[in-house]
$ cat input-v2.cif   # mmCIF, C-alpha atoms and all ligand atoms
data_protein
loop_
_atom_site.label_atom_id
_atom_site.label_comp_id
_atom_site.auth_asym_id
_atom_site.auth_seq_id
_atom_site.Cartn_x
_atom_site.Cartn_y
_atom_site.Cartn_z
CA MET A 743 79.02 67.75 133.95
CA THR A 744 77.46 71.04 134.92
CA ASN A 745 76.65 73.68 132.37
CA ALA A 746 79.47 75.86 133.61
CA GLN A 747 81.96 73.10 132.93
CA THR A 748 80.74 72.39 129.44
CA THR A 749 80.78 76.04 128.38
CA THR A 750 84.25 76.76 129.78
CA ALA A 751 86.08 73.81 128.31
CA LYS A 752 89.39 75.63 128.75
CA THR A 753 89.09 76.28 132.49
CA PHE A 754 92.58 76.72 133.82
CA ASP A 755 93.48 73.85 136.15
CA VAL A 756 96.97 74.45 137.50
CA GLU A 757 97.17 71.10 139.33
CA LYS A 758 96.39 69.29 136.11
CA ILE A 759 98.96 71.39 134.26
CA ARG A 760 101.60 70.61 136.89
CA ARG A 761 101.13 66.91 136.22
CA ASP A 762 102.15 67.52 132.61
CA PHE A 763 105.63 68.58 133.80
CA PRO A 764 107.50 65.62 135.33
CA SER A 765 110.47 67.72 136.50
CA LEU A 766 108.27 69.78 138.82
CA ASN A 767 107.58 66.71 140.90
CA GLN A 768 110.86 66.52 142.80
CA SER A 769 112.51 67.70 145.97
CA VAL A 770 115.78 69.56 146.34
CA TYR A 771 117.51 69.43 149.71
CA GLY A 772 114.48 67.55 150.96
CA LYS A 773 112.05 70.35 150.07
CA PRO A 774 109.53 70.27 147.22
CA LEU A 775 110.98 72.20 144.29
CA VAL A 776 109.62 75.71 143.66
CA TYR A 777 110.88 76.53 140.19
CA LEU A 778 110.90 80.30 139.58
CA ASP A 779 113.75 80.57 137.07
CA ASN A 780 111.33 80.53 134.16
CA ALA A 781 112.75 83.61 132.45
CA ALA A 782 116.02 81.69 131.98
CA THR A 783 114.34 78.52 130.76
CA ALA A 784 110.98 76.83 131.30
CA GLN A 785 110.37 73.21 132.30
CA LYS A 786 109.20 70.78 129.61
CA PRO A 787 105.83 69.02 129.44
CA ASN A 788 105.49 65.33 128.58
CA ALA A 789 104.10 66.30 125.19
CA VAL A 790 107.44 67.88 124.24
CA ILE A 791 109.60 65.20 125.86
CA ASP A 792 107.62 62.39 124.20
CA VAL A 793 107.74 63.87 120.72
CA THR A 794 111.48 64.47 120.99
CA GLU A 795 112.11 60.97 122.26
CA HIS A 796 109.87 59.48 119.56
CA TYR A 797 111.92 61.22 116.92
CA TYR A 798 115.16 59.64 118.16
CA ARG A 799 113.65 56.24 118.97
CA VAL A 800 111.57 55.72 115.86
CA VAL A 801 111.80 58.32 113.14
CA ASN A 802 115.45 59.33 113.23
CA ALA A 803 116.53 60.35 109.72
CA ASN A 804 117.87 63.42 107.99
CA ILE A 805 115.30 65.71 106.41
CA HIS A 806 114.75 67.01 102.85
CA ARG A 807 115.72 65.12 99.69
CA GLY A 808 115.47 61.76 101.43
CA VAL A 809 113.37 59.34 99.37
CA HIS A 810 113.09 56.72 102.10
CA ARG A 811 110.16 56.47 104.46
CA LEU A 812 111.84 57.71 107.65
CA SER A 813 113.28 60.75 105.93
CA GLN A 814 109.83 61.63 104.67
CA LEU A 815 108.35 61.25 108.15
CA ALA A 816 111.09 63.41 109.67
CA THR A 817 110.64 66.06 106.99
CA ASP A 818 106.88 66.11 107.46
CA ALA A 819 107.22 66.50 111.22
CA TYR A 820 109.88 69.21 110.91
CA GLU A 821 107.99 71.19 108.28
CA GLY A 822 104.71 70.59 110.10
CA ALA A 823 106.24 72.24 113.17
CA ARG A 824 107.25 75.23 111.06
CA GLU A 825 103.63 75.62 110.01
CA LYS A 826 102.53 75.46 113.68
CA ILE A 827 104.98 78.21 114.57
CA ARG A 828 103.74 80.29 111.62
CA ASN A 829 100.17 79.95 112.78
CA PHE A 830 101.10 80.67 116.40
CA ILE A 831 102.51 84.13 115.58
CA ASN A 832 100.15 84.72 112.65
CA ALA A 833 102.85 85.07 110.00
CA GLU A 834 101.55 84.97 106.47
CA LYS A 835 103.77 82.19 105.14
CA ALA A 836 105.69 79.29 106.66
CA SER A 837 108.64 80.33 104.48
CA GLU A 838 108.92 83.45 106.65
CA ILE A 839 109.84 81.26 109.64
CA ILE A 840 113.58 80.52 109.79
CA TYR A 841 114.67 77.91 112.31
CA THR A 842 117.58 79.03 114.46
CA ARG A 843 119.43 77.87 117.57
CA GLY A 844 117.41 80.38 119.54
CA CYS A 845 116.67 84.06 119.95
CA THR A 846 120.35 84.97 120.11
CA GLU A 847 121.12 83.33 116.79
CA ALA A 848 118.04 84.90 115.21
CA ILE A 849 119.30 88.39 116.15
CA ASN A 850 122.81 87.55 114.98
CA LEU A 851 121.40 86.33 111.68
CA VAL A 852 119.71 89.67 111.03
CA ALA A 853 122.75 91.70 112.11
CA ALA A 854 125.08 89.64 109.90
CA THR A 855 122.87 89.68 106.79
CA TYR A 856 120.36 92.52 106.68
CA GLY A 857 122.62 94.58 108.92
CA ARG A 858 125.80 94.13 106.88
CA GLN A 859 123.88 94.80 103.70
CA ASN A 860 122.03 97.91 104.82
CA VAL A 861 124.05 99.65 107.52
CA GLY A 862 126.95 101.80 106.30
CA ALA A 863 129.37 104.42 107.61
CA GLY A 864 127.50 107.23 109.37
CA ASP A 865 124.30 105.21 109.71
CA GLU A 866 122.63 104.42 113.01
CA VAL A 867 121.09 101.48 114.82
CA LEU A 868 118.71 102.26 117.68
CA ILE A 869 118.13 100.01 120.68
CA THR A 870 116.91 100.73 124.23
CA GLU A 871 118.63 100.77 127.61
CA MET A 872 116.81 97.66 128.81
CA GLU A 873 118.08 95.25 126.15
CA HIS A 874 119.46 91.78 126.84
CA HIS A 875 123.13 91.43 125.86
CA SER A 876 121.92 89.36 122.88
CA ASN A 877 120.18 92.45 121.53
CA ILE A 878 123.10 94.79 122.25
CA VAL A 879 126.35 93.09 121.29
CA PRO A 880 125.49 92.00 117.70
CA TRP A 881 124.46 95.60 116.87
CA GLN A 882 127.48 97.05 118.62
CA ALA A 883 129.80 94.80 116.60
CA LEU A 884 127.96 95.65 113.38
CA CYS A 885 128.27 99.37 114.06
CA GLU A 886 131.98 99.03 114.85
CA GLU A 887 132.56 97.10 111.65
CA LYS A 888 130.68 99.62 109.51
CA GLY A 889 131.63 102.88 111.20
CA ALA A 890 128.00 103.34 112.21
CA THR A 891 126.65 104.56 115.55
CA LEU A 892 124.72 102.54 118.11
CA ARG A 893 122.16 104.78 119.78
CA VAL A 894 120.37 103.87 122.97
CA ALA A 895 116.90 105.14 123.88
CA PRO A 896 116.56 106.00 127.60
CA VAL A 897 114.39 104.24 130.14
CA ASN A 898 112.67 106.11 133.00
CA GLU A 899 112.89 105.32 136.74
CA ARG A 900 109.99 102.87 136.51
CA GLY A 901 111.74 100.98 133.75
CA GLU A 902 109.69 102.21 130.79
CA VAL A 903 111.15 103.38 127.48
CA GLU A 904 110.82 107.15 127.17
CA LEU A 905 108.74 107.11 124.03
CA GLU A 906 109.22 110.74 123.02
CA ALA A 907 112.98 110.39 123.21
CA PHE A 908 112.78 107.05 121.42
CA GLU A 909 110.83 108.61 118.56
CA ARG A 910 113.14 111.64 118.38
CA MET A 911 116.17 109.35 118.14
CA ILE A 912 114.88 107.70 114.97
CA GLY A 913 116.27 109.78 112.13
CA GLU A 914 117.14 109.70 108.47
CA ARG A 915 120.20 107.60 109.15
CA THR A 916 118.51 105.06 111.38
CA LYS A 917 118.55 101.78 109.48
CA ILE A 918 117.47 99.35 112.19
CA VAL A 919 115.45 99.73 115.39
CA ALA A 920 115.66 96.74 117.74
CA PHE A 921 113.98 96.33 121.12
CA ALA A 922 112.59 93.76 123.53
CA HIS A 923 108.87 93.05 123.58
CA GLN A 924 109.20 92.25 127.29
CA SER A 925 112.29 92.92 129.40
CA ASN A 926 113.84 89.87 131.07
CA SER A 927 115.09 91.90 134.03
CA LEU A 928 112.55 94.71 134.54
CA GLY A 929 109.49 92.81 133.36
CA THR A 930 108.44 95.85 131.33
CA ILE A 931 106.14 95.12 128.40
CA ASN A 932 106.97 97.64 125.71
CA PRO A 933 104.29 99.19 123.47
CA ALA A 934 105.79 97.24 120.58
CA LYS A 935 103.16 98.13 118.01
CA GLU A 936 103.53 101.85 118.63
CA MET A 937 107.33 101.65 118.65
CA THR A 938 107.27 99.68 115.41
CA ARG A 939 105.02 102.30 113.82
CA MET A 940 107.41 105.09 114.87
CA ALA A 941 110.33 103.27 113.26
CA ARG A 942 108.47 102.42 110.08
CA GLU A 943 107.34 106.01 109.59
CA LYS A 944 111.01 106.95 109.37
CA GLY A 945 111.82 104.06 107.07
CA ALA A 946 113.84 102.01 109.56
CA ALA A 947 113.62 98.22 109.72
CA THR A 948 112.36 96.80 113.01
CA LEU A 949 113.45 93.78 115.01
CA ILE A 950 111.57 92.72 118.12
CA ASP A 951 113.27 90.48 120.67
CA GLY A 952 110.41 88.21 121.67
CA ALA A 953 112.28 85.82 123.99
CA GLN A 954 110.20 86.85 127.02
CA SER A 955 106.89 87.67 125.36
CA ILE A 956 106.24 84.58 123.27
CA PRO A 957 105.52 82.22 126.23
CA HIS A 958 103.25 84.68 128.04
CA PHE A 959 100.87 86.51 125.74
CA ARG A 960 99.56 86.49 122.19
CA VAL A 961 102.01 87.68 119.56
CA ASP A 962 100.72 88.62 116.13
CA VAL A 963 103.58 89.70 113.88
CA ARG A 964 101.28 91.10 111.22
CA ASP A 965 99.36 93.19 113.72
CA LEU A 966 102.66 94.43 115.21
CA GLY A 967 103.86 95.29 111.72
CA CYS A 968 107.48 94.41 112.53
CA ASP A 969 110.03 93.25 109.97
CA PHE A 970 111.72 90.68 112.22
CA TYR A 971 110.68 88.84 115.37
CA ALA A 972 113.22 86.70 117.23
CA PHE A 973 112.40 84.03 119.83
CA SER A 974 113.51 80.80 121.50
CA ALA A 975 111.65 77.52 122.00
CA HIS A 976 113.09 76.70 125.43
CA LYS A 977 111.46 79.59 127.27
CA MET A 978 108.07 78.40 126.02
CA TYR A 979 108.41 74.78 127.19
CA GLY A 980 110.22 73.61 124.06
CA PRO A 981 113.71 72.11 123.67
CA THR A 982 116.96 74.05 124.11
CA GLY A 983 119.00 74.86 121.04
CA SER A 984 115.87 75.61 119.06
CA GLY A 985 114.28 78.90 118.12
CA ALA A 986 113.06 80.94 115.20
CA LEU A 987 113.34 84.15 113.30
CA TYR A 988 110.26 85.56 111.66
CA GLY A 989 111.13 87.85 108.76
CA ARG A 990 108.93 89.58 106.22
CA GLU A 991 109.32 87.79 102.92
CA GLU A 992 110.34 90.86 100.98
CA LEU A 993 113.27 91.50 103.33
CA LEU A 994 114.31 87.86 103.60
CA GLU A 995 114.36 87.63 99.80
CA SER A 996 116.67 90.62 99.56
CA MET A 997 119.10 89.37 102.22
CA PRO A 998 122.28 87.37 101.57
CA PRO A 999 122.54 83.92 103.21
CA TYR A 1000 123.80 83.67 106.79
CA GLN A 1001 125.83 80.46 106.66
CA LEU A 1002 126.93 78.51 103.61
CA GLY A 1003 126.84 74.79 102.92
CA GLY A 1004 124.37 71.99 102.37
CA ASP A 1005 120.61 72.49 102.13
CA MET A 1006 120.86 76.25 101.51
CA ILE A 1007 121.83 75.84 97.86
CA SER A 1008 119.85 75.00 94.78
CA ALA A 1009 122.82 74.23 92.52
CA VAL A 1010 126.57 74.15 93.08
CA SER A 1011 129.42 74.09 90.62
CA PHE A 1012 132.98 75.22 91.21
CA GLU A 1013 132.26 78.33 89.19
CA LYS A 1014 128.95 79.40 90.72
CA THR A 1015 126.44 78.53 93.41
CA THR A 1016 122.80 79.52 93.36
CA TYR A 1017 120.92 79.70 96.62
CA ASN A 1018 117.85 77.81 97.68
CA LYS A 1019 114.46 79.46 98.12
CA LEU A 1020 113.08 80.64 101.47
CA PRO A 1021 113.33 79.55 104.20
CA TYR A 1022 116.10 77.07 103.28
CA LYS A 1023 118.44 79.82 102.09
CA PHE A 1024 119.02 80.59 105.79
CA GLU A 1025 119.21 77.01 107.03
CA ALA A 1026 122.60 75.61 106.07
CA GLY A 1027 123.53 72.13 107.20
CA THR A 1028 121.63 69.50 109.18
CA PRO A 1029 119.50 71.42 111.64
CA ASN A 1030 118.27 70.55 115.14
CA ILE A 1031 115.54 68.31 113.75
CA ALA A 1032 114.33 66.98 117.11
CA GLY A 1033 114.44 70.55 118.43
CA GLY A 1034 112.22 71.84 115.66
CA ILE A 1035 109.73 69.01 116.09
CA GLY A 1036 109.75 69.60 119.86
CA PHE A 1037 109.18 73.31 119.25
CA GLY A 1038 106.04 72.40 117.31
CA ALA A 1039 104.89 70.21 120.20
CA ALA A 1040 105.43 73.14 122.58
CA VAL A 1041 103.22 75.32 120.39
CA ASP A 1042 100.57 72.60 120.42
CA TYR A 1043 100.82 72.38 124.19
CA VAL A 1044 100.40 76.13 124.70
CA GLU A 1045 97.47 76.17 122.29
CA SER A 1046 95.82 73.23 124.04
CA ILE A 1047 95.59 75.46 127.13
CA GLY A 1048 95.15 78.72 125.25
CA ILE A 1049 97.67 81.57 125.27
CA ASP A 1050 95.00 84.02 126.46
CA GLU A 1051 94.15 81.70 129.37
CA ILE A 1052 97.83 81.45 130.23
CA GLU A 1053 98.15 85.23 130.18
CA ARG A 1054 95.11 85.65 132.40
CA TYR A 1055 96.33 83.13 134.96
CA GLU A 1056 99.89 84.47 135.03
CA ARG A 1057 98.66 88.05 135.47
CA GLU A 1058 96.56 87.00 138.43
CA LEU A 1059 99.46 85.13 140.00
CA SER A 1060 101.77 88.01 139.20
CA ASP A 1061 99.46 90.49 140.99
CA TYR A 1062 99.54 88.19 144.00
CA ALA A 1063 103.33 87.98 143.92
CA TRP A 1064 103.61 91.74 143.51
CA GLU A 1065 101.57 92.43 146.65
CA LYS A 1066 103.44 89.82 148.68
CA LEU A 1067 106.90 90.95 147.61
CA ARG A 1068 106.10 94.63 148.09
CA ALA A 1069 105.12 93.90 151.68
CA ILE A 1070 108.60 92.57 152.54
CA GLU A 1071 110.53 95.17 154.48
CA GLY A 1072 113.86 96.09 152.91
CA LEU A 1073 113.00 94.50 149.57
CA ARG A 1074 113.17 96.68 146.47
CA ILE A 1075 111.71 95.57 143.16
CA ILE A 1076 113.73 96.77 140.18
CA GLY A 1077 111.28 97.65 137.42
CA THR A 1078 107.87 99.02 138.31
CA ALA A 1079 106.43 99.76 134.88
CA GLU A 1080 102.71 100.16 134.51
CA ASP A 1081 102.52 97.36 131.96
CA ARG A 1082 104.68 94.50 133.16
CA GLY A 1083 104.92 90.74 132.93
CA ALA A 1084 105.43 88.13 135.63
CA VAL A 1085 109.11 88.86 136.22
CA PHE A 1086 110.37 90.21 139.55
CA SER A 1087 113.95 91.36 139.94
CA PHE A 1088 114.71 92.47 143.46
CA VAL A 1089 117.38 93.37 145.96
CA VAL A 1090 117.16 93.01 149.71
CA GLU A 1091 118.87 95.48 152.01
CA GLY A 1092 122.03 94.05 153.49
CA ALA A 1093 121.96 90.87 151.42
CA HIS A 1094 124.04 90.19 148.33
CA ALA A 1095 121.88 88.76 145.53
CA HIS A 1096 123.99 85.61 145.26
CA ASP A 1097 123.86 84.92 149.00
CA LEU A 1098 120.12 85.45 148.92
CA ALA A 1099 119.65 83.06 145.99
CA THR A 1100 121.86 80.47 147.66
CA ILE A 1101 119.74 80.50 150.82
CA LEU A 1102 116.57 80.33 148.72
CA ASP A 1103 118.02 77.33 146.90
CA VAL A 1104 118.50 75.42 150.14
CA GLU A 1105 114.81 76.14 150.83
CA GLY A 1106 114.00 74.49 147.51
CA VAL A 1107 113.25 77.79 145.76
CA ALA A 1108 115.04 78.22 142.42
CA VAL A 1109 115.61 81.84 141.38
CA ARG A 1110 118.31 83.46 139.28
CA ALA A 1111 120.89 85.86 140.67
CA GLY A 1112 123.34 88.11 138.88
CA HIS A 1113 123.22 90.65 136.08
CA LEU A 1114 120.66 88.68 134.04
CA CYS A 1115 122.56 89.45 130.80
CA THR A 1116 121.41 93.07 131.18
CA GLN A 1117 124.40 94.78 132.78
CA PRO A 1118 123.72 98.28 131.38
CA ILE A 1119 120.18 98.62 132.76
CA LEU A 1120 121.09 97.23 136.20
CA LYS A 1121 123.96 99.71 136.34
CA LYS A 1122 121.48 102.47 135.61
CA PHE A 1123 119.36 101.32 138.54
CA GLY A 1124 122.49 101.30 140.69
CA VAL A 1125 122.57 97.57 141.39
CA PRO A 1126 125.31 95.26 140.09
CA ALA A 1127 123.24 92.15 140.70
CA VAL A 1128 119.65 91.20 141.52
CA ALA A 1129 117.71 88.08 142.39
CA ARG A 1130 114.93 87.29 139.93
CA ALA A 1131 111.75 85.28 140.34
CA ALA A 1132 109.87 84.67 137.10
CA VAL A 1133 106.42 83.12 137.18
CA SER A 1134 105.09 80.58 134.69
CA LEU A 1135 101.80 78.86 133.98
CA TYR A 1136 102.55 76.00 136.39
CA ASN A 1137 103.37 78.14 139.42
CA THR A 1138 100.93 78.56 142.30
CA ARG A 1139 100.11 80.96 145.12
CA GLU A 1140 101.53 78.45 147.60
CA GLU A 1141 104.82 78.64 145.74
CA ILE A 1142 104.83 82.43 145.96
CA ASP A 1143 104.26 82.04 149.71
CA ARG A 1144 107.23 79.65 149.87
CA LEU A 1145 109.35 82.27 148.06
CA VAL A 1146 108.31 84.95 150.54
CA GLU A 1147 109.01 82.71 153.54
CA ALA A 1148 112.43 81.85 152.13
CA ILE A 1149 113.27 85.54 151.62
CA GLU A 1150 112.22 86.28 155.22
CA LYS A 1151 114.43 83.44 156.43
CA ALA A 1152 117.36 84.72 154.34
CA LYS A 1153 116.88 88.18 155.85
CA ARG A 1154 117.14 86.73 159.34
CA MET A 1155 120.23 84.74 158.44
CA LEU A 1156 122.03 87.58 156.66
CA GLY A 1157 120.81 90.47 158.78
C1 LIG B 1201 116.78 84.74 126.99
C2 LIG B 1201 116.76 86.02 126.24
C3 LIG B 1201 117.47 86.19 125.06
C4 LIG B 1201 118.38 85.13 124.51
O1 LIG B 1201 117.70 83.94 124.28
P1 LIG B 1201 118.52 82.58 124.00
O2 LIG B 1201 117.48 81.54 124.10
O3 LIG B 1201 119.54 82.49 125.10
O4 LIG B 1201 119.13 82.71 122.67
C5 LIG B 1201 117.36 87.38 124.38
N1 LIG B 1201 116.58 88.35 124.84
C6 LIG B 1201 115.86 88.23 125.98
C7 LIG B 1201 114.98 89.36 126.40
C8 LIG B 1201 115.94 87.07 126.72
O5 LIG B 1201 115.24 86.95 127.83
#

$ encode --input "input-v2.cif" --output "structure tokens" --more "lines below"
Ligand SMILES: *Cc1c(COP(=O)(O)O)cnc(C)c1O
Amino acid sequence: MTNAQTTTAKTFDVEKIRRDFPSLNQSVYGKPLVYLDNAATAQKPNAVIDVTEHYYRVVNANIHRGVHRLSQLATDAYEGAREKIRNFINAEKASEIIYTRGCTEAINLVAATYGRQNVGAGDEVLITEMEHHSNIVPWQALCEEKGATLRVAPVNERGEVELEAFERMIGERTKIVAFAHQSNSLGTINPAKEMTRMAREKGAATLIDGAQSIPHFRVDVRDLGCDFYAFSAHKMYGPTGSGALYGREELLESMPPYQLGGDMISAVSFEKTTYNKLPYKFEAGTPNIAGGIGFGAAVDYVESIGIDEIERYERELSDYAWEKLRAIEGLRIIGTAEDRGAVFSFVVEGAHAHDLATILDVEGVAVRAGHLCTQPILKKFGVPAVARAAVSLYNTREEIDRLVEAIEKAKRMLG
């Protein structure tokens, strides 16, 4: 080993990383798969697959209260994963991590509990124009139910939140401010710490939708100062149907339970039920045990590479993709914010997004096409549908070249 190798133990080796993901090693329509639908869901490494399989093959038992050996093992693994997630986002206590089905359920949980408790007639909830439907509809429904108003902070032509307007829109009656850390369609990375500070100064609670940020760069909920942070496991190489809500203890303590049933109680009689302590108060019924354990394995996997290393590599690859895509005649990238992640939504002159994606698919290149669960912001940019390529830690420059070649081919076919 040379000195250089010993001192940079975490040197990023994309070929080695690719071997961790069995699903990448396949062909579609006779062409090696280029998977660029990472903003919808990421592929899974062996570490996650193995841990999940081990749970079902060996450990399978229900958690909590079980006195037998397997139940104890399952509980330890499930609660151990919670601690890994806590550490990953630098929350103070593991009891501030609530397991959910994903980011969507985490946002719904807050809207249905904190929201119902704290938002009344005449109050306001503030979101931004670039939100995912999951961070629009729960607030819209809450506001309708309560006679409150949903306000929407504008986004400029590059796809950045207009911060002055955002700040001005937070008033006395604003109870909740909710926004994405990184947009899934525009790629914009919002100045989440600054936006959180603006909301807190006016006494509003803050929820950050972290579905797109958590796999790509370091998230520190205490540094951000947010009250809630919602995210999914499956976009960061973990299992589907698994995610988490971070909530500050003080708020979680004050909130009513979300769902009612087993595990979330401490004592039940027909006259009166008392609720369990955090985090179990919000975790009624048998949860996705394998999903939680797999989530923990995904955190371990990311940390074994290093989230800062992942960010550095993805930024480099993203710069490469940016230059290549910008050079394609007739291609327009939707979302050109100064600070942006590795997500490229685009339209090509004369080609419908779905036709484009279908031709790319036959070339072995998997991208998403459609409204990306962000209809309002695409409407603002005057496009009903886009194609989206989203880069992950296992993608390569050769794959970006394959994407570009496939787009050129589609242009010839459709033009
Ligand atoms: C994917 C996504 C969601 C929803 O996540 P689920 O895993 O489907 O619950 C919410 N917000 C953003 C920005 C997303 O990208």

$ residues_near_ligand --input "input-v2.cif" --ligand "ligand LIG 1201 (chain B)" --cutoff "9 Å" --atoms "only C-alpha atoms and all ligand atoms" --output "PyMOL selection string"
chain A and resi 781-783+843-849+872-877+921-927+951-955+972-977+982-985+1114-1116

$ write_last_selection --input "input-v2.cif" --atoms "C-alpha atoms" --output "CSV table (one decimal), keeping the file's coordinate frame"
chain,number,residue,atom,x,y,z
A,781,ALA,CA,112.8,83.6,132.4
A,782,ALA,CA,116.0,81.7,132.0
A,783,THR,CA,114.3,78.5,130.8
A,843,ARG,CA,119.4,77.9,117.6
A,844,GLY,CA,117.4,80.4,119.5
A,845,CYS,CA,116.7,84.1,120.0
A,846,THR,CA,120.4,85.0,120.1
A,847,GLU,CA,121.1,83.3,116.8
A,848,ALA,CA,118.0,84.9,115.2
A,849,ILE,CA,119.3,88.4,116.2
A,872,MET,CA,116.8,97.7,128.8
A,873,GLU,CA,118.1,95.2,126.2
A,874,HIS,CA,119.5,91.8,126.8
A,875,HIS,CA,123.1,91.4,125.9
A,876,SER,CA,121.9,89.4,122.9
A,877,ASN,CA,120.2,92.4,121.5
A,921,PHE,CA,114.0,96.3,121.1
A,922,ALA,CA,112.6,93.8,123.5
A,923,HIS,CA,108.9,93.0,123.6
A,924,GLN,CA,109.2,92.2,127.3
A,925,SER,CA,112.3,92.9,129.4
A,926,ASN,CA,113.8,89.9,131.1
A,927,SER,CA,115.1,91.9,134.0
A,951,ASP,CA,113.3,90.5,120.7
A,952,GLY,CA,110.4,88.2,121.7
A,953,ALA,CA,112.3,85.8,124.0
A,954,GLN,CA,110.2,86.8,127.0
A,955,SER,CA,106.9,87.7,125.4
A,972,ALA,CA,113.2,86.7,117.2
A,973,PHE,CA,112.4,84.0,119.8
A,974,SER,CA,113.5,80.8,121.5
A,975,ALA,CA,111.6,77.5,122.0
A,976,HIS,CA,113.1,76.7,125.4
A,977,LYS,CA,111.5,79.6,127.3
A,982,THR,CA,117.0,74.0,124.1
A,983,GLY,CA,119.0,74.9,121.0
A,984,SER,CA,115.9,75.6,119.1
A,985,GLY,CA,114.3,78.9,118.1
A,1114,LEU,CA,120.7,88.7,134.0
A,1115,CYS,CA,122.6,89.4,130.8
A,1116,THR,CA,121.4,93.1,131.2

$ residues_around --input "input-v2.cif" --residues "segment 903-914 of chain A" --least-positions-apart "2" --cutoff "12 Å" --atoms "only C-alpha atoms" --output "number ranges by chain"
A: 864-873, 891-901, 916-925, 928, 930-934, 936-948, 1077, 1079-1081, 1119

$ closest_residue --input "input-v2.cif" --among "A:Met997, A:Leu778, A:Val801, A:Ile1049" --to "Ala854 of chain A" --atoms "only C-alpha atoms"
A:Met997

$ atom_distance --input "input-v2.cif" --atom1 "atom CA of Gln882 of chain A" --atom2 "atom CA of Gly862 of chain A"
13.2 Å

$ atom_distance --input "input-v2.cif" --atom1 "atom CA of Ile805 of chain A" --atom2 "atom CA of Ile1031 of chain A"
7.8 Å

$ residues_near_point --input "input-v2.cif" --point "(114.5, 80.6, 156.4)" --cutoff "10 Å" --atoms "all atoms listed in the file" --output "list in words"
Ile1101, Leu1102, Val1104, Glu1105, Arg1144, Leu1145, Val1146, Glu1147, Ala1148, Ile1149, Glu1150, Lys1151, Ala1152, Lys1153, Arg1154 and Met1155 of chain A

$ closest_residue --input "input-v2.cif" --among "A:Gly1004, A:Pro999, A:Pro764, A:Pro880" --to "Thr855 of chain A" --atoms "all atoms listed in the file"
A:Pro999

$ closest_residue --input "input-v2.cif" --among "A:Tyr798, A:Phe1086, A:Tyr841, A:Tyr771" --to "Pro1021 of chain A" --atoms "all atoms listed in the file"
A:Tyr841

$ residues_around --input "input-v2.cif" --residues "Pro1126 of chain A" --least-positions-apart "6" --cutoff "9 Å" --atoms "all atoms listed in the file" --output "ChimeraX atom specification"
/A:1112-1113,1117,1120

$ atom_distance --input "input-v2.cif" --atom1 "atom CA of Leu812 of chain A" --atom2 "atom CA of Thr1028 of chain A"
15.4 Å

$ closest_residue --input "input-v2.cif" --among "A:Phe1024, A:Ala1129, A:Glu1065, A:Arg1057" --to "Val1089 of chain A" --atoms "all atoms listed in the file"
A:Ala1129

$ residues_around --input "input-v2.cif" --residues "Tyr1017 of chain A" --least-positions-apart "2" --cutoff "7 Å" --atoms "all atoms listed in the file" --output "number ranges by chain"
A: 1006-1008, 1015, 1019, 1023

$ closest_residue --input "input-v2.cif" --among "A:Leu1020, A:Ala1039, A:Pro957, A:Tyr971" --to "His796 of chain A" --atoms "all atoms listed in the file"
A:Ala1039

$ axis_aligned_box --input "input-v2.cif" --around "segment 839-844 of chain A" --padding-each-side "3 Å" --output "lines of an AutoDock Vina configuration file"
center_x = 114.6
center_y = 79.6
center_z = 114.6
size_x = 15.6
size_y = 9.4
size_z = 15.9
